[in-house]
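See below for the structure under consideration.
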Amino acid sequence: MEQIAFFDTKPYDRTWFDQLNHRFRIRYFEHKLTPDSVSLAQGCSAVIPFVNDNLSAPVIEDLYRFGVKVIALRCAGYNNVDRNAAHGKMPILRVPGYSPYAVAEHTMGLLLCLNRKIHKAYNRTRDFNFTLNGLTGFDLHGKTVGVIGTGRIGQIFMNICKGFGMEVLAYDPYPANDPSIHYVDLHTLFQQSDILSLHCPLTEQSKHLINKDTIADMKDGVVLLNTSRGMLIESEALLSALQSGKIAAAGLDVYEEETAFFFEDFSENIHRDQVLSLLLSMPNVLLTSHQAFLTNEALKNIAEVTLQNLADFFDGKPLQNEVKTGQL
């Protein structure tokens with residue numbers, strides 16, 4: 001029976017892996033995978049890391065030295081993996097799409113909550129304060145939303161927006177073959193959109209896609225949503241635009257430097273990221289802790305696909321969800 005090292009374990013991770021695993025001996029570790037914790041993988045044939053685990057070249061070299069044969073990511077993104085270092089040593093497998101509905105619906109939830117000040121109203125009424133001052137929002141109906149990235153999540157979010165009667169513009173360097181999607185160039189999308197929503201992967205080309213120059217191109221008072229990757233947005237540029245009012249509000253499920261903070265409790269820690277602290281202090285920012293994926297359906301699918309990826313590898317079958325490695 002192959003032993004698998006499972007890193008950055010949370011209680012909700014174990015629920016479906018324990019129910020669906022009938023083949024492997026999984027060793028659960030609460031530690032993130034780092035150069036300091038990689039030794040926990042000794043004696044294991046595979047590792048199951050998550051989005052904020054460290055899969056740099058030194059970590060991969062140690063895994064290889066310990067006899068680890070495969071990396072089975074339980075997530076879609078792999079920008080935390082040194083794919084060149086893994087080339088020729090071990091394949092990288094992933095879960096390409098566990099529940100696009102979960103992420104798209106969370107994005108709309110952020111927009112609705114932020115726009116109608118639901119989070120503020122909730123706190124206010126708990127203090128028996130039923131005034132309406134400062135709670136004014138706007139109708140989504142008739143507004144223009146610009147969607148960057150038209151994969152499954154982006155397309156589902158666009159359909160949700162259409163259900164609200166919104167006009168939808170889209171940009172993607174690799175457009176989908178769908179005549180119902182109204183593609184425009186980025187300049188047009190920035191200038192015409194009342195709301196911008198990011199649904200694209202993190203690449204060298206998309207890193208800091210939202211920066212001081214692209215923000216300057218946007219409509220004044222735009223609402224920005226990001227449930228994709230934190231590094232799509234240059235955080236200090238976002239902070240400055242929020243302070244000036246160029247961006248009216250931001251709904252975020254990710255943050256550029258989230259690796260050191262997200263998924264853990266730092267409520268008693270006084271050493272905090274200054275930019276993140278400033279963003280959280282702003283009344284026009286709603287930030288959740290990378291939870292857009294977190295539904296029962298998504299967690300079940302993550303476990304099913306990850307376990308199937310591992311079974312295919314150890315059975316010598318074709319690897320449907322392998323990530324390309326080598327010179328990139």
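As shown in the structure tokens, the chain order sets the letters A, B, ...; within each chain, residues go from 1, and ligands are also counted from 1 in the order they appear.
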
Report task. May I have all residues of range 210-263 of chain A that DSSP, computed from the backbone, assigns to helix (DSSP H, G or I), given as a list of chain:residue names? Result -> A:Lys212, A:Asp213, A:Thr214, A:Ile215, A:Ala216, A:Gly230, A:Met231, A:Leu232, A:Ser235, A:Glu236, A:Ala237, A:Leu238, A:Leu239, A:Ser240, A:Ala241, A:Leu242, A:Gln243, A:Ser244, A:Glu258, A:Thr259, A:Ala260

Same residues, N, CA, C and O atoms, saved as a PDB file, in the first residue's frame:
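Contents of selection31.pdb, freshly written:
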```pdb
ATOM      1  N   LYS A 212      -1.056  50.408 -11.737  1.00  0.00           N
ATOM      2  CA  LYS A 212      -1.412  51.832 -11.764  1.00  0.00           C
ATOM      3  C   LYS A 212      -1.768  52.306 -13.169  1.00  0.00           C
ATOM      4  O   LYS A 212      -2.626  53.190 -13.347  1.00  0.00           O
ATOM      5  N   ASP A 213      -1.145  51.721 -14.193  1.00  0.00           N
ATOM      6  CA  ASP A 213      -1.430  52.145 -15.567  1.00  0.00           C
ATOM      7  C   ASP A 213      -2.781  51.624 -16.048  1.00  0.00           C
ATOM      8  O   ASP A 213      -3.561  52.370 -16.660  1.00  0.00           O
ATOM      9  N   THR A 214      -3.056  50.354 -15.784  1.00  0.00           N
ATOM     10  CA  THR A 214      -4.350  49.821 -16.225  1.00  0.00           C
ATOM     11  C   THR A 214      -5.490  50.401 -15.396  1.00  0.00           C
ATOM     12  O   THR A 214      -6.595  50.597 -15.909  1.00  0.00           O
ATOM     13  N   ILE A 215      -5.224  50.691 -14.125  1.00  0.00           N
ATOM     14  CA  ILE A 215      -6.249  51.333 -13.290  1.00  0.00           C
ATOM     15  C   ILE A 215      -6.592  52.714 -13.848  1.00  0.00           C
ATOM     16  O   ILE A 215      -7.756  53.115 -13.881  1.00  0.00           O
ATOM     17  N   ALA A 216      -5.583  53.425 -14.314  1.00  0.00           N
ATOM     18  CA  ALA A 216      -5.816  54.758 -14.885  1.00  0.00           C
ATOM     19  C   ALA A 216      -6.718  54.689 -16.119  1.00  0.00           C
ATOM     20  O   ALA A 216      -7.422  55.652 -16.447  1.00  0.00           O
ATOM     21  N   GLY A 230      -4.055  36.238  -6.281  1.00  0.00           N
ATOM     22  CA  GLY A 230      -3.749  37.531  -5.687  1.00  0.00           C
ATOM     23  C   GLY A 230      -2.798  38.370  -6.513  1.00  0.00           C
ATOM     24  O   GLY A 230      -2.923  39.595  -6.584  1.00  0.00           O
ATOM     25  N   MET A 231      -1.824  37.713  -7.149  1.00  0.00           N
ATOM     26  CA  MET A 231      -0.802  38.456  -7.880  1.00  0.00           C
ATOM     27  C   MET A 231      -1.285  39.034  -9.204  1.00  0.00           C
ATOM     28  O   MET A 231      -0.519  39.683  -9.910  1.00  0.00           O
ATOM     29  N   LEU A 232      -2.548  38.817  -9.540  1.00  0.00           N
ATOM     30  CA  LEU A 232      -3.104  39.514 -10.699  1.00  0.00           C
ATOM     31  C   LEU A 232      -3.200  41.014 -10.427  1.00  0.00           C
ATOM     32  O   LEU A 232      -3.262  41.813 -11.357  1.00  0.00           O
ATOM     33  N   SER A 235      -0.931  45.217  -5.278  1.00  0.00           N
ATOM     34  CA  SER A 235      -1.689  45.600  -4.082  1.00  0.00           C
ATOM     35  C   SER A 235      -1.571  47.082  -3.748  1.00  0.00           C
ATOM     36  O   SER A 235      -2.560  47.726  -3.373  1.00  0.00           O
ATOM     37  N   GLU A 236      -0.377  47.639  -3.846  1.00  0.00           N
ATOM     38  CA  GLU A 236      -0.209  49.052  -3.487  1.00  0.00           C
ATOM     39  C   GLU A 236      -0.933  49.960  -4.476  1.00  0.00           C
ATOM     40  O   GLU A 236      -1.472  51.004  -4.088  1.00  0.00           O
ATOM     41  N   ALA A 237      -0.972  49.550  -5.739  1.00  0.00           N
ATOM     42  CA  ALA A 237      -1.721  50.328  -6.732  1.00  0.00           C
ATOM     43  C   ALA A 237      -3.214  50.264  -6.429  1.00  0.00           C
ATOM     44  O   ALA A 237      -3.928  51.267  -6.554  1.00  0.00           O
ATOM     45  N   LEU A 238      -3.696  49.102  -6.017  1.00  0.00           N
ATOM     46  CA  LEU A 238      -5.099  48.955  -5.629  1.00  0.00           C
ATOM     47  C   LEU A 238      -5.417  49.832  -4.432  1.00  0.00           C
ATOM     48  O   LEU A 238      -6.435  50.548  -4.414  1.00  0.00           O
ATOM     49  N   LEU A 239      -4.558  49.804  -3.429  1.00  0.00           N
ATOM     50  CA  LEU A 239      -4.770  50.599  -2.224  1.00  0.00           C
ATOM     51  C   LEU A 239      -4.856  52.081  -2.563  1.00  0.00           C
ATOM     52  O   LEU A 239      -5.755  52.794  -2.097  1.00  0.00           O
ATOM     53  N   SER A 240      -3.945  52.541  -3.397  1.00  0.00           N
ATOM     54  CA  SER A 240      -3.936  53.952  -3.791  1.00  0.00           C
ATOM     55  C   SER A 240      -5.214  54.322  -4.540  1.00  0.00           C
ATOM     56  O   SER A 240      -5.807  55.384  -4.298  1.00  0.00           O
ATOM     57  N   ALA A 241      -5.667  53.433  -5.433  1.00  0.00           N
ATOM     58  CA  ALA A 241      -6.872  53.715  -6.218  1.00  0.00           C
ATOM     59  C   ALA A 241      -8.120  53.706  -5.346  1.00  0.00           C
ATOM     60  O   ALA A 241      -9.064  54.465  -5.586  1.00  0.00           O
ATOM     61  N   LEU A 242      -8.152  52.865  -4.332  1.00  0.00           N
ATOM     62  CA  LEU A 242      -9.272  52.849  -3.398  1.00  0.00           C
ATOM     63  C   LEU A 242      -9.303  54.129  -2.560  1.00  0.00           C
ATOM     64  O   LEU A 242     -10.362  54.700  -2.289  1.00  0.00           O
ATOM     65  N   GLN A 243      -8.133  54.574  -2.160  1.00  0.00           N
ATOM     66  CA  GLN A 243      -8.045  55.784  -1.344  1.00  0.00           C
ATOM     67  C   GLN A 243      -8.456  57.024  -2.122  1.00  0.00           C
ATOM     68  O   GLN A 243      -9.061  57.947  -1.571  1.00  0.00           O
ATOM     69  N   SER A 244      -8.140  57.034  -3.425  1.00  0.00           N
ATOM     70  CA  SER A 244      -8.469  58.190  -4.257  1.00  0.00           C
ATOM     71  C   SER A 244      -9.910  58.162  -4.755  1.00  0.00           C
ATOM     72  O   SER A 244     -10.436  59.186  -5.193  1.00  0.00           O
ATOM     73  N   GLU A 258      -0.673  36.474   0.161  1.00  0.00           N
ATOM     74  CA  GLU A 258      -1.526  35.702   1.065  1.00  0.00           C
ATOM     75  C   GLU A 258      -0.843  34.473   1.647  1.00  0.00           C
ATOM     76  O   GLU A 258      -1.273  33.951   2.685  1.00  0.00           O
ATOM     77  N   THR A 259       0.205  33.966   1.014  1.00  0.00           N
ATOM     78  CA  THR A 259       0.809  32.703   1.431  1.00  0.00           C
ATOM     79  C   THR A 259       1.149  32.678   2.914  1.00  0.00           C
ATOM     80  O   THR A 259       0.987  31.656   3.584  1.00  0.00           O
ATOM     81  N   ALA A 260       1.612  33.804   3.438  1.00  0.00           N
ATOM     82  CA  ALA A 260       2.047  33.850   4.833  1.00  0.00           C
ATOM     83  C   ALA A 260       0.886  33.936   5.818  1.00  0.00           C
ATOM     84  O   ALA A 260       1.093  33.781   7.023  1.00  0.00           O
TER      85      ALA A 260
END
```

Report task. List every residue of range 84-313 of chain A that DSSP, applied to the backbone, labels as strand (DSSP E or B), and write the result as number ranges by chain. Result -> A: 92-93, 144-148, 167-171, 183, 195-198, 210, 222-226, 233, 247-252, 285-287

Kindly provide the residues of range 229-310 of chain A that approach range 314-318 of chain A to within 10 Å, each paired with its closest atom pair and their distance in Å to one decimal, based on only C-alpha atoms, listed by chain and increasing number, as a Markdown table.
```
| residue | atom | partner | partner_atom | distance |
| --- | --- | --- | --- | --- |
| A:Gln308 | CA | A:Phe314 | CA | 9.9 |
| A:Asn309 | CA | A:Phe314 | CA | 8.9 |
| A:Leu310 | CA | A:Phe314 | CA | 6.3 |
```

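When only C-alpha atoms are used to measure the gap to Asp185 in chain A, the shortest distance among A:Met166, A:Lys69, A:Leu93, A:Val147 belongs to A:Val147.
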
Would you kindly return, as a short mmCIF file (atom, residue, chain, number, x, y, z; two decimals) with C-alpha atoms, in the first residue's frame, each protein, DNA or RNA residue with an atom no farther than 12 Å from any atom of Leu63 in chain A, considering only C-alpha atoms and excluding same-chain residues fewer than 2 positions away?
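The resulting file, out01.cif, is reproduced below:
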```
data_model
loop_
_atom_site.label_atom_id
_atom_site.label_comp_id
_atom_site.auth_asym_id
_atom_site.auth_seq_id
_atom_site.Cartn_x
_atom_site.Cartn_y
_atom_site.Cartn_z
CA ALA A 5 2.04 12.65 2.57
CA LEU A 33 5.09 21.86 2.75
CA THR A 34 8.26 23.95 3.14
CA PRO A 35 12.02 23.32 3.12
CA SER A 37 8.83 20.30 6.75
CA VAL A 38 9.70 18.38 3.57
CA SER A 39 11.39 15.66 5.64
CA LEU A 40 7.92 14.53 6.75
CA ALA A 41 7.52 13.04 3.27
CA GLN A 42 10.28 10.48 3.85
CA GLY A 43 8.96 6.98 3.23
CA CYS A 44 6.11 8.24 1.06
CA SER A 45 5.59 7.59 -2.64
CA ALA A 46 3.58 10.76 -3.29
CA VAL A 47 2.67 14.11 -1.80
CA ILE A 48 -0.66 15.96 -1.84
CA ASN A 54 6.23 25.54 -1.23
CA LEU A 55 7.24 23.40 -4.20
CA SER A 56 10.41 25.26 -5.07
CA ALA A 57 13.46 23.57 -6.60
CA PRO A 58 15.09 22.72 -3.22
CA VAL A 59 11.86 21.15 -1.95
CA ILE A 60 11.39 19.13 -5.13
CA GLU A 61 15.01 17.96 -4.97
CA ARG A 65 15.87 12.24 -2.84
CA PHE A 66 13.33 10.81 -0.38
CA GLY A 67 11.83 8.62 -3.12
CA VAL A 68 8.66 10.60 -3.81
CA LYS A 69 7.47 9.67 -7.29
CA VAL A 70 4.58 12.06 -7.95
CA ILE A 71 3.14 15.42 -6.85
CA ALA A 85 12.87 21.43 -11.27
CA ALA A 86 10.27 18.64 -11.44
CA LYS A 89 12.03 13.64 -11.63
CA MET A 90 8.30 13.37 -11.00
#
```

**Report entry** Selected residue, from A:Gln192, A:Asn284, A:Asn79, A:Gln291, that lies nearest to Gly245 in chain A when counting only C-alpha atoms
**Finding:**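 Between A:Gln192, A:Asn284, A:Asn79, A:Gln291, the residue approaching Gly245 in chain A most closely is A:Asn284.
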
If you count only C-alpha atoms, which residues fall within 12 Å of range 117-128 of chain A, apart from same-chain ones fewer than 2 positions away, as an mmCIF file with N, CA, C and O atoms, in the first residue's frame?
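Result saved to out_8.cif:
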```cif
data_model
loop_
_atom_site.group_PDB
_atom_site.id
_atom_site.type_symbol
_atom_site.label_atom_id
_atom_site.label_comp_id
_atom_site.auth_asym_id
_atom_site.auth_seq_id
_atom_site.Cartn_x
_atom_site.Cartn_y
_atom_site.Cartn_z
ATOM 1 N N GLY A 109 -21.582 36.736 -4.793
ATOM 2 C CA GLY A 109 -21.868 37.017 -3.388
ATOM 3 C C GLY A 109 -21.071 38.210 -2.879
ATOM 4 O O GLY A 109 -21.598 39.070 -2.158
ATOM 5 N N LEU A 110 -19.806 38.271 -3.248
ATOM 6 C CA LEU A 110 -18.974 39.422 -2.865
ATOM 7 C C LEU A 110 -19.552 40.718 -3.431
ATOM 8 O O LEU A 110 -19.626 41.737 -2.735
ATOM 9 N N LEU A 111 -19.957 40.671 -4.698
ATOM 10 C CA LEU A 111 -20.497 41.877 -5.332
ATOM 11 C C LEU A 111 -21.781 42.334 -4.656
ATOM 12 O O LEU A 111 -21.955 43.518 -4.347
ATOM 13 N N LEU A 112 -22.689 41.404 -4.411
ATOM 14 C CA LEU A 112 -23.959 41.762 -3.776
ATOM 15 C C LEU A 112 -23.744 42.311 -2.367
ATOM 16 O O LEU A 112 -24.341 43.327 -1.976
ATOM 17 N N CYS A 113 -22.892 41.640 -1.606
ATOM 18 C CA CYS A 113 -22.635 42.062 -0.229
ATOM 19 C C CYS A 113 -21.979 43.437 -0.193
ATOM 20 O O CYS A 113 -22.367 44.312 0.582
ATOM 21 N N LEU A 114 -20.998 43.623 -1.066
ATOM 22 C CA LEU A 114 -20.255 44.880 -1.105
ATOM 23 C C LEU A 114 -21.142 46.032 -1.570
ATOM 24 O O LEU A 114 -21.149 47.123 -0.980
ATOM 25 N N ASN A 115 -21.907 45.789 -2.620
ATOM 26 C CA ASN A 115 -22.739 46.828 -3.198
ATOM 27 C C ASN A 115 -23.857 47.261 -2.255
ATOM 28 O O ASN A 115 -24.070 48.453 -2.021
ATOM 29 N N PHE A 130 -30.949 50.532 13.449
ATOM 30 C CA PHE A 130 -31.695 50.251 12.234
ATOM 31 C C PHE A 130 -31.728 51.441 11.274
ATOM 32 O O PHE A 130 -32.607 51.538 10.412
ATOM 33 N N THR A 131 -30.763 52.338 11.402
ATOM 34 C CA THR A 131 -30.675 53.452 10.464
ATOM 35 C C THR A 131 -30.163 52.954 9.117
ATOM 36 O O THR A 131 -29.496 51.921 9.023
ATOM 37 N N LEU A 132 -30.458 53.715 8.065
ATOM 38 C CA LEU A 132 -30.067 53.346 6.705
ATOM 39 C C LEU A 132 -28.936 54.199 6.160
ATOM 40 O O LEU A 132 -28.479 53.976 5.032
ATOM 41 N N ASN A 133 -28.490 55.169 6.942
ATOM 42 C CA ASN A 133 -27.436 56.051 6.456
ATOM 43 C C ASN A 133 -26.193 55.254 6.080
ATOM 44 O O ASN A 133 -25.723 54.400 6.830
ATOM 45 N N GLY A 134 -25.648 55.541 4.901
ATOM 46 C CA GLY A 134 -24.411 54.896 4.457
ATOM 47 C C GLY A 134 -24.599 53.520 3.855
ATOM 48 O O GLY A 134 -23.610 52.834 3.569
ATOM 49 N N LEU A 135 -25.851 53.095 3.653
ATOM 50 C CA LEU A 135 -26.100 51.759 3.118
ATOM 51 C C LEU A 135 -26.595 51.765 1.669
ATOM 52 O O LEU A 135 -27.001 50.741 1.142
ATOM 53 N N THR A 136 -26.531 52.907 1.020
ATOM 54 C CA THR A 136 -27.047 53.016 -0.349
ATOM 55 C C THR A 136 -26.157 52.264 -1.332
ATOM 56 O O THR A 136 -24.935 52.412 -1.331
ATOM 57 N N GLY A 137 -26.778 51.438 -2.168
ATOM 58 C CA GLY A 137 -26.065 50.729 -3.225
ATOM 59 C C GLY A 137 -26.559 51.190 -4.589
ATOM 60 O O GLY A 137 -27.061 52.300 -4.736
ATOM 61 N N PHE A 138 -26.416 50.328 -5.583
ATOM 62 C CA PHE A 138 -26.911 50.647 -6.927
ATOM 63 C C PHE A 138 -27.509 49.388 -7.546
ATOM 64 O O PHE A 138 -27.176 48.265 -7.159
ATOM 65 N N ALA A 249 -14.824 50.302 -4.941
ATOM 66 C CA ALA A 249 -14.882 49.211 -3.975
ATOM 67 C C ALA A 249 -14.168 47.994 -4.549
ATOM 68 O O ALA A 249 -14.032 47.850 -5.768
ATOM 69 N N GLY A 251 -13.937 43.652 -3.991
ATOM 70 C CA GLY A 251 -14.328 42.388 -3.368
ATOM 71 C C GLY A 251 -13.276 41.352 -3.705
ATOM 72 O O GLY A 251 -13.097 40.992 -4.874
ATOM 73 N N PRO A 283 -13.547 50.825 4.503
ATOM 74 C CA PRO A 283 -14.974 50.485 4.476
ATOM 75 C C PRO A 283 -15.469 49.999 3.116
ATOM 76 O O PRO A 283 -16.542 49.412 3.024
ATOM 77 N N ASN A 284 -14.679 50.255 2.054
ATOM 78 C CA ASN A 284 -15.099 49.862 0.704
ATOM 79 C C ASN A 284 -14.360 48.616 0.210
ATOM 80 O O ASN A 284 -14.278 48.375 -0.996
ATOM 81 N N VAL A 285 -13.830 47.835 1.138
ATOM 82 C CA VAL A 285 -13.152 46.581 0.793
ATOM 83 C C VAL A 285 -13.804 45.432 1.550
ATOM 84 O O VAL A 285 -14.028 45.520 2.758
ATOM 85 N N LEU A 286 -14.122 44.372 0.822
ATOM 86 C CA LEU A 286 -14.624 43.139 1.421
ATOM 87 C C LEU A 286 -13.664 42.029 1.016
ATOM 88 O O LEU A 286 -13.497 41.749 -0.167
ATOM 89 N N LEU A 287 -12.998 41.440 2.010
ATOM 90 C CA LEU A 287 -11.990 40.424 1.731
ATOM 91 C C LEU A 287 -12.310 39.142 2.477
ATOM 92 O O LEU A 287 -12.525 39.160 3.687
ATOM 93 N N THR A 288 -12.375 38.036 1.745
ATOM 94 C CA THR A 288 -12.555 36.719 2.345
ATOM 95 C C THR A 288 -11.259 35.928 2.170
ATOM 96 O O THR A 288 -10.373 36.319 1.408
#
```

Query - Contacts of range 17-28 of chain A within 8 Å, only C-alpha atoms, excl. fewer than 5 positions in-chain, as an NGL selection string - result: :A and (1-7 or 9 or 300 or 303-304 or 307)

Requested in this report: With a distance cut-off of 10 Å and only C-alpha atoms, select the neighbouring residues of Ser289 in chain A, excluding the residue or stretch itself and same-chain residues fewer than 6 positions from it, and output the selection as a ChimeraX atom specification.
Outcome: /A:252-255,258,261-264

Query raised in the report: Which residues come within 9 Å of Ala292 in chain A, counting only C-alpha atoms, excluding same-chain residues fewer than 6 positions away, as an MDAnalysis selection string?
Result: chainID A and resid 102:107 227 253

Write out, as a CSV table (one decimal), in the first residue's frame, the residues just selected, with N, CA and C atoms.
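See again-v4.csv below for the written result:
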```
chain,number,residue,atom,x,y,z
A,102,ALA,N,-19.0,27.1,-7.6
A,102,ALA,CA,-18.7,27.6,-6.3
A,102,ALA,C,-18.0,28.9,-6.4
A,103,VAL,N,-17.0,29.0,-7.2
A,103,VAL,CA,-16.2,30.2,-7.3
A,103,VAL,C,-17.0,31.4,-8.0
A,104,ALA,N,-17.7,31.0,-9.0
A,104,ALA,CA,-18.5,32.1,-9.7
A,104,ALA,C,-19.6,32.6,-8.7
A,105,GLU,N,-20.3,31.7,-8.0
A,105,GLU,CA,-21.3,32.1,-7.1
A,105,GLU,C,-20.7,33.0,-5.9
A,106,HIS,N,-19.5,32.6,-5.5
A,106,HIS,CA,-18.9,33.4,-4.4
A,106,HIS,C,-18.6,34.8,-4.9
A,107,THR,N,-18.2,34.9,-6.2
A,107,THR,CA,-17.8,36.2,-6.8
A,107,THR,C,-19.1,37.1,-6.8
A,227,THR,N,-11.4,36.7,-7.5
A,227,THR,CA,-11.5,35.4,-6.9
A,227,THR,C,-10.5,34.4,-7.5
A,253,ASP,N,-11.1,37.7,-2.8
A,253,ASP,CA,-11.0,36.4,-2.1
A,253,ASP,C,-9.5,35.9,-2.0
```

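CA of Phe157 in chain A sits 20.0 Å away from CA of Val95 in chain A.
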
Dump as a Markdown table the rows for residues of range 234-307 of chain A within 6 Å of range 221-224 of chain A: closest atom pair and distance in Å with one decimal, only C-alpha atoms counted, ordered by chain and rising residue number.
```
| residue | atom | partner | partner_atom | distance |
| --- | --- | --- | --- | --- |
| A:Lys246 | CA | A:Gly221 | CA | 5.2 |
| A:Ile247 | CA | A:Gly221 | CA | 4.9 |
| A:Ala248 | CA | A:Gly221 | CA | 4.4 |
| A:Ala249 | CA | A:Val223 | CA | 4.9 |
| A:Ala250 | CA | A:Leu224 | CA | 4.7 |
```

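Straight-line separation from CA of Tyr78 in chain A to CA of Asn211 in chain A: 22.8 Å.
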